[in-house]
Amino acid sequence: MGADEVPLDDKAKRMRELLSSFYSPGPPMSPNSRNISKYASLDDINSTSFDPGQYMNLVAQKSNLEGLLQRHVDLAAEIKNLDTDLQMLVYENYNKFISATDAIKRMKSNISGMEANMEHLLEKILSVQSRSDSVNTSLFEKREHIEKLHLTCNLLRKVQFIYDLPDRLRKCIKSETYADAVRFYNGAMPIFKDYGDTSFQDCRRASEEAISIIVKKLQGKLFSDSESMQARAEAAVLLKQLNFPVSDLKVKLLGKLEQSLADIELKPKETNNASLDPSAFSSVHETTIHEFVEAIRAFQVIFPDSEEQLVILARDLITKHFLITEEYVKKPICAADLLGLLRVIWNDVLQMDEVLQEADLSNYSHEAAKVAIRLFVSSTFAHLLQDVSDSLLKVLKKDGAEYSLEDALDASSKAVLEGSRNILLDFCKVLDDDLGLLARLRELIVDLVKEGFLDFFRQLEDQFNLLSESNNSSAIQDHSLTQGAQGDKASAGLVLVLAQLSAFIEQTAIEKIMVELAVSFSRCGARGHDHGPAFIAGEICQKFRSASEKFLHLYINMRTLRISLLLKKRFTTPNWVKHKEPREVHMVVDLFLQELEFIDNEVKQLFPQGNRKHRGAGSNGSSSSSRSNALREDKLIRSNTQRARSQLLETHLAKLFKQKVEIFSKVEYTQGSVITTIVKLCLKSLQEFVRLQTFNRSGFQQIQLDTQFLRTPLREVVEDEAAMDFLLDEVIVAAAERCLDPIPLEPPILDKLIQSKLAKKT
C-alpha cells in the first residue's frame with residue numbers, strides 16, 4: 001500500500017490482495033513500495049517481502065509449543081477462509097461473464113430483422129403522402145367556395161347584431177350587467193359612425209337612449225355610499241369608456257377612497273387566530289385590501305395624474321398598520337404573534353407594490369418595521385424585568401400566609417434564566433422566518449437583543465437597589481417592635497433574597513445566557529458569534545458581585561438594627577442604680593434568641609451550611625482566652641469590693657498580654673458566617689449600651705446572669721465561638737467598670753438560676 005492511501009482494515013486488505021493476485025499475478029513493484037517493504041516488520045505475513053524462514057525463526061523464538069500449535073490452527077483457518085473467498089470471487093466473475101454473453105446474443109437476434117421493417121415503413125409513409133396530395137388537389141375549389149360563404153355569414157351576423165343591439169342593451173339594464181352593455185355598444189360604434197345615418201338610423205337612436213339610461217345608472221352607482229370601492233371604480237371605468245367627462249369627479253372619488261381606508265383595520269387578535277385558521281382572517285382582510293388595490297388600479301386608469309395622492313394614501317395605510325403593531329407589541333406577546341402581524345402587513349405591501357411601484361412601499365415598510373422591532377425588543381425585556389420584580393415582591397405580601405424565601409429565590413432565578421432562554425428562542429423564530437420584511441433586519445435584531453440584555457441587567461440592578469432602599473428606609477422608620485413586625489421581617493427577607501439572587505446572576509445566569517446567546521444566534525445564521533457579545537460579561541458580573549455583597553451587608557445591618565433597638569429599650573427603660581436582686585434571666589434574652597432563631601430560619605432557606613470554628617482549633621487567642629476566662633471566673637467569686645476592683649485591674653492586664661481575637665471578618669455566603677456577624681454586631685452594641693449606664697450590684701449581677709445564659713445557645717448558631725466568648729466577656733467587663741459595687745454572683749447561684757430558666761423553657 002502507498003504512503004498516500006487510506007488505511008484499510010484486515011478484511012479489506014485481504015480482499016484487495018485477492019483481486020490483485022487474480023487479475024495481475026505478477027505486478028511490478030514500484031520504488032516506493034520497495035522502500036516500504038524494506039522496512040516492513042518481519043512478522044507481517046501479508047507483506048510482499050515476506051520471508052517464511054525468518055518468520056519461522058521469529059515465531060519459534062517468541063512462542064512456546066502451545067503458542068506454535070495455536071498459530072498453526074489460526075493459519076489453517078485463515079488459509080481455508082482465503083480459499084473460500086477466492087472461490088467465491090471466481091464464481092461471481094463467471095456468472096457475470098455468462099450474463100454478458102446472453103445479453104449480446106439477445107441483442108443480435110433483435111437487430112437482425114430491423115432493417116427490413118424500416119424499409120417497409122418508408123414505403124408506407126410515401127404512399128400516405130401521395131394520397132394526401134391528391135385529396136388536397138381535388139378539394140381546392142370547394143374550399144375557396146366555403147371560405148366565401150363563411151365571410152358572408154359573418155357579415156350577416158354583424159348586421160343581425162346591430163338590429164338586436166337595442167334589445168340586448170335593455171336586457172343588460174334589467175340584469176345590471178353594465179359592463180356587457182358598454183362592451184356591446186362600443187363594438188357597434190364603428191358601424192354606427194359609417195352607416196348610422198342610413199339603414200341603421202333607428203337602431204342607433206334606440207341604442208343611444210338605452211346608453212343614456214346606463215350612464216345615469218353608472219353615475220348613481222359611482223356616488224353611492226352603499227357600493228364598494230371596487231364597484232364605484234368599475235363604474236368610473238365604464239363611464240370613461242363611454243367618453244363621459246369624469247375629470248371633474250376626481251376630488252370626490254379620492255375623498256371616497258380615503259374614507260374607505262377606515263374599513264381596512266389591522267386586528268391583532270384576528271391575525272393571531274388566523275395562524276390556526278388562515279381562512280378566518282383572509283376572508284375579511286384580504287377582501288378589503290384587494291378592493292383597495294383594485295380601486296388604485298382603476299384610479300390609475302381613470303386619472304393618470306393621481307399617482308401622488310395614491311402614494312400618500314398607500315403610505316398612510318402602512319403607517320396605520322404599524323401604529324397598531326407598535327401599540328400591540330407593548331403587551332406581553334410571543335414572536336409568533338408579531339410574525340403574524342408583520343406577515344399580514346408585508347402581504348398588503350406586496351399587493352400595493354404591484355400597482356404603485358412609485359410609492360417604494362418596501363423601503364418605507366422596512367423603516368417602519370425597525371421602529372416596531374425596537375419596541376418589541378424593549379417591551380419583551382421590560383416584561384421580563386417585571387416578571388422578576390413580581391416574583392420578588394411576593395415576599396412582601398401581608399395576607400397572613402407564610403412566605404418562603406426559598407420559593408421567592410427559585411421563582412426569581414427561574415424568571416431570569418428561563419425568561420432569558422425563552423426570549424432567545426422567540427428571537428430565533430423571528431430570525432429563522434423567511435418573511436421578506438425581515439430580510440434586511442436580521443443584523444439589527446441581533447444587535448438589539450444584545451443591547452437589550454445589557455440594558456436588562458443594568459435595569460435589574462437598579463430595580464434591586466430601588467427595592468432594597470425602599471425596604472431599608474421603611475425598616476428604619478418603623479421603630480416599633482410590635483407594629484409592622486411582619487412587614488419588617490418580609491423587607492429584610494427580600495434584601496436577603498436580593499443578595500443571593502445577585503450572586504446567582506453573577507456566578508451562573510450570566511455565563512449560561514452568554515452561552516445560549518452564542519449558540520442561538522449561530523444556529524439562527526446571524527453574525528452574533530463573529531461579532532461577539534454587545535456587552536462585557538465581566539463588567540456585569542462585577543456589578544452584581546458588588547451588589548450581592550452590598551445587599552448581604554444591608555440585611556445584616558437591618559437585622560442588627562432591629563435587635564439593637566430591642567437592647568436599647570432594655571437598657572434605657574429601668575433605673576439600673578436601683579435595680580433589684582436578679583431572680584431569673586430577663587425576658588429580653590428570650591426576645592433576642594427568638595430574633596436569632598427567625599434569622600437562622602431565613603438564612604437556612606438560602607445559604608449553605610458553613611464550617612464551624614471550634615474553640616482551640618485554628619482560632620487566634622482561643623487558648624489564651626480560655627485561660628483568661630478561667631482566671632476571670634476565679635476572681636469574680638471573691639466576696640468583697642476590694643478584691644472585685646483588683647479583679648478588674650487584672651482583667652485589663654490579661655487583655656494586654658493575650659493574643660488578639662479577630663472579631664469582624666469578611667462575611668461569607670454561608671449560614672454560620674451571616675449569623676455570626678449579626679451576633680458579633682449585636683454583642684458589640686450590647687457592650688456600648690452597657691457602657692452608657694451606671695449599675696448597682698444587683699444590676700451588674702443581672703447583666704452577668706443574662707450574659708452567662710446566652711453562651712450556650714449562641715455556641716449552637718455561631719461559627720467563631722472564641723470571638724463570641726470574647727465579646728460576652730467584654731460585656732461583663734464593661735458592666736463591672738460601670739458598676740458601683742461590682743460583686744458577681746457565686747457560681748452555684750448562677751447555675752441554679754440558669755437551670756431554672758432552662759426548666760421553664762422545657
# chains A, B, ... in the order shown; residues from 1 in each chain; ligands from 1

$ select_by_dssp --residues "region 209-370 of chain A" --states "helix (DSSP H, G or I)" --output "MDAnalysis selection string"
chainID A and resid 209:222 229:241 247:263 268:274 278:302 307:328 335:355 357:359 361:370

$ residues_around --residues "Pro332 (chain A)" --least-positions-apart "6" --cutoff "8 Å" --atoms "only C-alpha atoms" --output "list in words"
Ser379, Thr380 and His383 of chain A

$ write_last_selection --atoms "N, CA and C atoms" --output "PDB file, in the first residue's frame"
ATOM      1  N   SER A 379     -39.929  46.076  24.856  1.00  0.00           N
ATOM      2  CA  SER A 379     -41.095  45.627  25.618  1.00  0.00           C
ATOM      3  C   SER A 379     -40.886  44.222  26.171  1.00  0.00           C
ATOM      4  N   THR A 380     -40.265  43.356  25.386  1.00  0.00           N
ATOM      5  CA  THR A 380     -40.018  41.986  25.848  1.00  0.00           C
ATOM      6  C   THR A 380     -39.126  41.979  27.081  1.00  0.00           C
ATOM      7  N   HIS A 383     -41.004  43.356  30.127  1.00  0.00           N
ATOM      8  CA  HIS A 383     -41.887  42.366  30.754  1.00  0.00           C
ATOM      9  C   HIS A 383     -41.082  41.325  31.531  1.00  0.00           C
TER      10      HIS A 383
END

$ closest_residue --among "A:Glu78, A:Glu92, A:Glu17, A:Glu406" --to "Asn601 (chain A)" --atoms "only C-alpha atoms"
A:Glu406

$ closest_residue --among "A:Leu437, A:Ala335, A:Leu165, A:Ile599" --to "Ala368 (chain A)" --atoms "only C-alpha atoms"
A:Leu437

$ residues_around --residues "region 304-307 of chain A" --least-positions-apart "4" --cutoff "12 Å" --atoms "only C-alpha atoms" --output "ChimeraX atom specification"
/A:247,250-251,253-254,296-300,311-314,355-359

$ residues_around --residues "region 708-713 of chain A" --least-positions-apart "3" --cutoff "9 Å" --atoms "only C-alpha atoms" --output "list of chain:residue names"
A:Val585, A:Val589, A:Leu593, A:Ile703, A:Gln704, A:Leu705, A:Glu716, A:Val717, A:Met724, A:Asp725, A:Leu728, A:Leu750, A:Ile754, A:Lys757

$ write_last_selection --atoms "N, CA and C atoms" --output "JSON list (two decimals), in the first residue's frame"
[["chain", "number", "residue", "atom", "x", "y", "z"],
["A", 585, "VAL", "N", -33.50, 34.98, 84.46],
["A", 585, "VAL", "CA", -32.98, 35.60, 83.23],
["A", 585, "VAL", "C", -34.05, 36.53, 82.67],
["A", 589, "VAL", "N", -33.70, 38.52, 76.87],
["A", 589, "VAL", "CA", -32.84, 37.44, 76.36],
["A", 589, "VAL", "C", -33.65, 36.50, 75.48],
["A", 593, "LEU", "N", -33.07, 35.77, 71.52],
["A", 593, "LEU", "CA", -32.91, 34.42, 70.95],
["A", 593, "LEU", "C", -33.99, 34.12, 69.92],
["A", 703, "ILE", "N", -26.83, 41.57, 84.57],
["A", 703, "ILE", "CA", -26.09, 41.51, 83.31],
["A", 703, "ILE", "C", -25.25, 40.24, 83.25],
["A", 704, "GLN", "N", -24.63, 39.89, 84.39],
["A", 704, "GLN", "CA", -23.82, 38.66, 84.43],
["A", 704, "GLN", "C", -24.68, 37.44, 84.17],
["A", 705, "LEU", "N", -25.88, 37.38, 84.77],
["A", 705, "LEU", "CA", -26.78, 36.23, 84.58],
["A", 705, "LEU", "C", -27.24, 36.13, 83.13],
["A", 716, "GLU", "N", -24.41, 27.32, 69.64],
["A", 716, "GLU", "CA", -25.06, 26.41, 68.69],
["A", 716, "GLU", "C", -25.29, 27.05, 67.32],
["A", 717, "VAL", "N", -25.23, 28.36, 67.23],
["A", 717, "VAL", "CA", -25.55, 29.02, 65.95],
["A", 717, "VAL", "C", -24.37, 29.74, 65.33],
["A", 724, "MET", "N", -17.16, 35.05, 70.03],
["A", 724, "MET", "CA", -18.41, 35.22, 70.79],
["A", 724, "MET", "C", -18.12, 35.27, 72.29],
["A", 725, "ASP", "N", -17.32, 34.34, 72.77],
["A", 725, "ASP", "CA", -16.96, 34.36, 74.19],
["A", 725, "ASP", "C", -16.24, 35.63, 74.57],
["A", 728, "LEU", "N", -18.81, 38.46, 74.86],
["A", 728, "LEU", "CA", -19.61, 38.31, 76.07],
["A", 728, "LEU", "C", -18.80, 38.70, 77.31],
["A", 750, "LEU", "N", -25.50, 31.18, 90.27],
["A", 750, "LEU", "CA", -25.61, 31.45, 88.83],
["A", 750, "LEU", "C", -26.12, 30.21, 88.09],
["A", 754, "ILE", "N", -29.76, 29.68, 86.04],
["A", 754, "ILE", "CA", -29.75, 29.27, 84.63],
["A", 754, "ILE", "C", -30.54, 27.98, 84.45],
["A", 757, "LYS", "N", -34.23, 28.64, 84.54],
["A", 757, "LYS", "CA", -34.71, 29.20, 83.26],
["A", 757, "LYS", "C", -34.84, 28.11, 82.21]]

$ closest_residue --among "A:Ile423, A:Leu169, A:Leu58, A:Leu69" --to "Asp44 (chain A)" --atoms "only C-alpha atoms"
A:Leu58

$ closest_atom_pairs --of "region 491-595 of chain A" --to "region 661-683 of chain A" --cutoff "10 Å" --atoms "only C-alpha atoms" --output "JSON lines"
{"residue": "A:Ala499", "atom": "CA", "partner": "A:Tyr669", "partner_atom": "CA", "distance": 9.4}
{"residue": "A:Gln500", "atom": "CA", "partner": "A:Tyr669", "partner_atom": "CA", "distance": 8.3}
{"residue": "A:Ala503", "atom": "CA", "partner": "A:Tyr669", "partner_atom": "CA", "distance": 9.2}
{"residue": "A:Ser548", "atom": "CA", "partner": "A:Tyr669", "partner_atom": "CA", "distance": 9.8}
{"residue": "A:Glu549", "atom": "CA", "partner": "A:Val667", "partner_atom": "CA", "distance": 8.5}
{"residue": "A:Leu552", "atom": "CA", "partner": "A:Val674", "partner_atom": "CA", "distance": 8.3}
{"residue": "A:His553", "atom": "CA", "partner": "A:Val667", "partner_atom": "CA", "distance": 8.1}
{"residue": "A:Tyr555", "atom": "CA", "partner": "A:Val674", "partner_atom": "CA", "distance": 9.3}
{"residue": "A:Ile556", "atom": "CA", "partner": "A:Ile678", "partner_atom": "CA", "distance": 5.9}
{"residue": "A:Asn557", "atom": "CA", "partner": "A:Ile678", "partner_atom": "CA", "distance": 7.8}
{"residue": "A:Met558", "atom": "CA", "partner": "A:Ile678", "partner_atom": "CA", "distance": 9.6}
{"residue": "A:Arg559", "atom": "CA", "partner": "A:Ile678", "partner_atom": "CA", "distance": 7.3}
{"residue": "A:Thr560", "atom": "CA", "partner": "A:Ile678", "partner_atom": "CA", "distance": 5.9}
{"residue": "A:Leu561", "atom": "CA", "partner": "A:Cys682", "partner_atom": "CA", "distance": 8.4}
{"residue": "A:Arg562", "atom": "CA", "partner": "A:Cys682", "partner_atom": "CA", "distance": 9.6}
{"residue": "A:Ile563", "atom": "CA", "partner": "A:Cys682", "partner_atom": "CA", "distance": 6.8}
{"residue": "A:Ser564", "atom": "CA", "partner": "A:Cys682", "partner_atom": "CA", "distance": 6.3}
{"residue": "A:Leu567", "atom": "CA", "partner": "A:Cys682", "partner_atom": "CA", "distance": 8.5}
{"residue": "A:Phe592", "atom": "CA", "partner": "A:Cys682", "partner_atom": "CA", "distance": 9.4}

$ write_last_selection --atoms "N, CA, C and O atoms" --output "compact mmCIF listing (two decimals), in the first residue's frame"
# COMPACT_ATOMS: atom_id res chain seq x y z
N ALA A 499 -29.66 39.54 47.74
CA ALA A 499 -28.24 39.22 47.84
C ALA A 499 -27.92 37.88 47.17
O ALA A 499 -26.98 37.77 46.39
N GLN A 500 -28.71 36.87 47.47
CA GLN A 500 -28.45 35.55 46.88
C GLN A 500 -28.77 35.53 45.39
O GLN A 500 -28.07 34.87 44.61
N ALA A 503 -25.93 37.06 43.56
CA ALA A 503 -24.83 36.09 43.47
C ALA A 503 -25.11 35.03 42.42
O ALA A 503 -24.20 34.63 41.67
N SER A 548 -24.38 42.08 45.36
CA SER A 548 -24.66 40.97 46.28
C SER A 548 -24.03 41.23 47.64
O SER A 548 -24.67 41.03 48.69
N GLU A 549 -22.78 41.68 47.65
CA GLU A 549 -22.13 41.98 48.92
C GLU A 549 -22.83 43.12 49.64
O GLU A 549 -23.01 43.09 50.87
N LEU A 552 -26.08 41.83 51.15
CA LEU A 552 -25.84 40.97 52.30
C LEU A 552 -25.50 41.81 53.54
O LEU A 552 -26.02 41.55 54.64
N HIS A 553 -24.66 42.81 53.36
CA HIS A 553 -24.34 43.69 54.49
C HIS A 553 -25.56 44.51 54.91
O HIS A 553 -25.74 44.79 56.11
N TYR A 555 -28.68 43.46 54.73
CA TYR A 555 -29.51 42.54 55.52
C TYR A 555 -28.98 42.42 56.95
O TYR A 555 -29.74 42.46 57.92
N ILE A 556 -27.66 42.27 57.05
CA ILE A 556 -27.06 42.15 58.39
C ILE A 556 -27.31 43.42 59.19
O ILE A 556 -27.66 43.36 60.39
N ASN A 557 -27.21 44.58 58.56
CA ASN A 557 -27.44 45.83 59.28
C ASN A 557 -28.90 45.98 59.69
O ASN A 557 -29.20 46.47 60.79
N MET A 558 -29.83 45.55 58.82
CA MET A 558 -31.25 45.65 59.15
C MET A 558 -31.60 44.76 60.34
O MET A 558 -32.31 45.17 61.26
N ARG A 559 -31.10 43.54 60.31
CA ARG A 559 -31.38 42.63 61.42
C ARG A 559 -30.69 43.10 62.70
O ARG A 559 -31.24 43.00 63.81
N THR A 560 -29.47 43.60 62.55
CA THR A 560 -28.75 44.10 63.72
C THR A 560 -29.45 45.32 64.31
O THR A 560 -29.54 45.48 65.53
N LEU A 561 -29.96 46.19 63.44
CA LEU A 561 -30.67 47.38 63.90
C LEU A 561 -31.91 47.00 64.71
O LEU A 561 -32.19 47.61 65.75
N ARG A 562 -32.64 46.00 64.23
CA ARG A 562 -33.85 45.58 64.96
C ARG A 562 -33.51 45.06 66.35
O ARG A 562 -34.15 45.42 67.35
N ILE A 563 -32.47 44.22 66.42
CA ILE A 563 -32.08 43.68 67.73
C ILE A 563 -31.48 44.78 68.61
O ILE A 563 -31.69 44.81 69.83
N SER A 564 -30.74 45.70 67.97
CA SER A 564 -30.15 46.80 68.74
C SER A 564 -31.23 47.68 69.36
O SER A 564 -31.09 48.16 70.50
N LEU A 567 -32.41 45.88 72.39
CA LEU A 567 -31.46 46.00 73.51
C LEU A 567 -31.43 47.42 74.08
O LEU A 567 -31.30 47.61 75.29
N PHE A 592 -34.29 38.22 72.23
CA PHE A 592 -33.05 38.21 71.44
C PHE A 592 -32.85 36.85 70.76
O PHE A 592 -32.54 36.76 69.57

$ closest_residue --among "A:Ile513, A:Glu144, A:Val371, A:Ala60" --to "Phe453 (chain A)" --atoms "only C-alpha atoms"
A:Ile513

$ residues_around --residues "Val182 (chain A)" --least-positions-apart "5" --cutoff "8 Å" --atoms "only C-alpha atoms" --output "JSON, numbers by chain"
{"A": [211, 238, 241, 242]}

$ write_last_selection --atoms "N, CA, C and O atoms" --output "tab-separated table (two decimals), in the first residue's frame"
chain	number	residue	atom	x	y	z
A	211	ILE	N	-78.23	53.73	-23.77
A	211	ILE	CA	-76.93	54.10	-23.19
A	211	ILE	C	-77.08	55.28	-22.25
A	211	ILE	O	-76.39	55.36	-21.21
A	238	LEU	N	-66.25	52.37	-16.73
A	238	LEU	CA	-67.26	52.23	-17.79
A	238	LEU	C	-67.69	53.59	-18.33
A	238	LEU	O	-67.90	53.75	-19.55
A	241	GLN	N	-65.09	54.74	-20.64
A	241	GLN	CA	-65.16	54.01	-21.91
A	241	GLN	C	-66.28	54.55	-22.81
A	241	GLN	O	-66.20	54.45	-24.04
A	242	LEU	N	-67.32	55.13	-22.19
A	242	LEU	CA	-68.40	55.75	-22.96
A	242	LEU	C	-68.11	57.20	-23.30
A	242	LEU	O	-69.01	57.93	-23.75

$ decode --residues "region 80-91 of chain A" --atoms "all heavy atoms" --output "tab-separated table (two decimals), in the first residue's frame"
chain	number	residue	atom	x	y	z
A	80	LYS	N	-8.05	-21.50	4.84
A	80	LYS	CA	-9.34	-22.02	4.39
A	80	LYS	C	-10.29	-20.88	4.01
A	80	LYS	O	-10.98	-20.94	2.99
A	80	LYS	CB	-9.96	-22.86	5.50
A	80	LYS	CG	-11.23	-23.58	5.08
A	80	LYS	CD	-11.71	-24.49	6.19
A	80	LYS	CE	-12.99	-25.22	5.76
A	80	LYS	NZ	-13.48	-26.11	6.84
A	81	ASN	N	-10.29	-19.80	4.84
A	81	ASN	CA	-11.15	-18.64	4.53
A	81	ASN	C	-10.72	-17.98	3.24
A	81	ASN	O	-11.55	-17.56	2.41
A	81	ASN	CB	-11.11	-17.63	5.67
A	81	ASN	CG	-11.79	-18.16	6.92
A	81	ASN	OD1	-12.66	-19.02	6.83
A	81	ASN	ND2	-11.39	-17.66	8.08
A	82	LEU	N	-9.39	-17.88	3.02
A	82	LEU	CA	-8.91	-17.26	1.78
A	82	LEU	C	-9.29	-18.09	0.57
A	82	LEU	O	-9.68	-17.55	-0.49
A	82	LEU	CB	-7.40	-17.07	1.86
A	82	LEU	CG	-6.89	-16.00	2.83
A	82	LEU	CD1	-5.38	-16.03	2.92
A	82	LEU	CD2	-7.35	-14.64	2.38
A	83	ASP	N	-9.19	-19.37	0.69
A	83	ASP	CA	-9.57	-20.24	-0.44
A	83	ASP	C	-11.06	-20.08	-0.75
A	83	ASP	O	-11.46	-20.03	-1.92
A	83	ASP	CB	-9.25	-21.70	-0.10
A	83	ASP	CG	-7.73	-21.95	-0.04
A	83	ASP	OD1	-6.99	-21.10	-0.62
A	83	ASP	OD2	-7.31	-22.94	0.57
A	84	THR	N	-11.87	-20.01	0.31
A	84	THR	CA	-13.31	-19.84	0.10
A	84	THR	C	-13.62	-18.51	-0.58
A	84	THR	O	-14.42	-18.43	-1.52
A	84	THR	CB	-14.04	-19.93	1.44
A	84	THR	OG1	-13.74	-21.18	2.05
A	84	THR	CG2	-15.55	-19.83	1.25
A	85	ASP	N	-12.96	-17.44	-0.11
A	85	ASP	CA	-13.20	-16.12	-0.71
A	85	ASP	C	-12.76	-16.09	-2.16
A	85	ASP	O	-13.44	-15.52	-3.03
A	85	ASP	CB	-12.44	-15.05	0.08
A	85	ASP	CG	-13.00	-14.91	1.49
A	85	ASP	OD1	-14.14	-15.34	1.69
A	85	ASP	OD2	-12.28	-14.38	2.36
A	86	LEU	N	-11.61	-16.71	-2.45
A	86	LEU	CA	-11.12	-16.73	-3.83
A	86	LEU	C	-12.07	-17.51	-4.73
A	86	LEU	O	-12.35	-17.11	-5.87
A	86	LEU	CB	-9.71	-17.34	-3.85
A	86	LEU	CG	-8.98	-17.33	-5.20
A	86	LEU	CD1	-8.83	-15.90	-5.70
A	86	LEU	CD2	-7.61	-17.99	-5.06
A	87	GLN	N	-12.57	-18.61	-4.21
A	87	GLN	CA	-13.51	-19.42	-4.99
A	87	GLN	C	-14.79	-18.63	-5.27
A	87	GLN	O	-15.32	-18.69	-6.39
A	87	GLN	CB	-13.83	-20.71	-4.22
A	87	GLN	CG	-14.67	-21.71	-5.01
A	87	GLN	CD	-14.90	-22.98	-4.21
A	87	GLN	OE1	-14.52	-23.03	-3.05
A	87	GLN	NE2	-15.48	-23.98	-4.82
A	88	MET	N	-15.27	-17.90	-4.27
A	88	MET	CA	-16.48	-17.10	-4.48
A	88	MET	C	-16.25	-16.01	-5.51
A	88	MET	O	-17.11	-15.71	-6.34
A	88	MET	CB	-16.91	-16.46	-3.15
A	88	MET	CG	-17.44	-17.46	-2.12
A	88	MET	SD	-18.87	-18.34	-2.73
A	88	MET	CE	-20.02	-17.00	-2.92
A	89	LEU	N	-15.07	-15.39	-5.49
A	89	LEU	CA	-14.76	-14.37	-6.50
A	89	LEU	C	-14.79	-14.95	-7.90
A	89	LEU	O	-15.33	-14.36	-8.85
A	89	LEU	CB	-13.38	-13.75	-6.21
A	89	LEU	CG	-13.31	-12.72	-5.08
A	89	LEU	CD1	-11.85	-12.33	-4.84
A	89	LEU	CD2	-14.12	-11.50	-5.46
A	90	VAL	N	-14.21	-16.13	-8.05
A	90	VAL	CA	-14.19	-16.76	-9.37
A	90	VAL	C	-15.61	-17.07	-9.83
A	90	VAL	O	-15.98	-16.83	-10.99
A	90	VAL	CB	-13.32	-18.04	-9.32
A	90	VAL	CG1	-13.41	-18.81	-10.63
A	90	VAL	CG2	-11.87	-17.67	-9.04
A	91	TYR	N	-16.44	-17.60	-8.93
A	91	TYR	CA	-17.82	-17.93	-9.29
A	91	TYR	C	-18.60	-16.68	-9.68
A	91	TYR	O	-19.36	-16.68	-10.66
A	91	TYR	CB	-18.51	-18.62	-8.11
A	91	TYR	CG	-18.05	-20.05	-7.89
A	91	TYR	CD1	-18.25	-20.69	-6.66
A	91	TYR	CD2	-17.38	-20.76	-8.92
A	91	TYR	CE1	-17.83	-21.98	-6.44
A	91	TYR	CE2	-16.95	-22.06	-8.69
A	91	TYR	CZ	-17.16	-22.67	-7.47
A	91	TYR	OH	-16.75	-23.94	-7.26
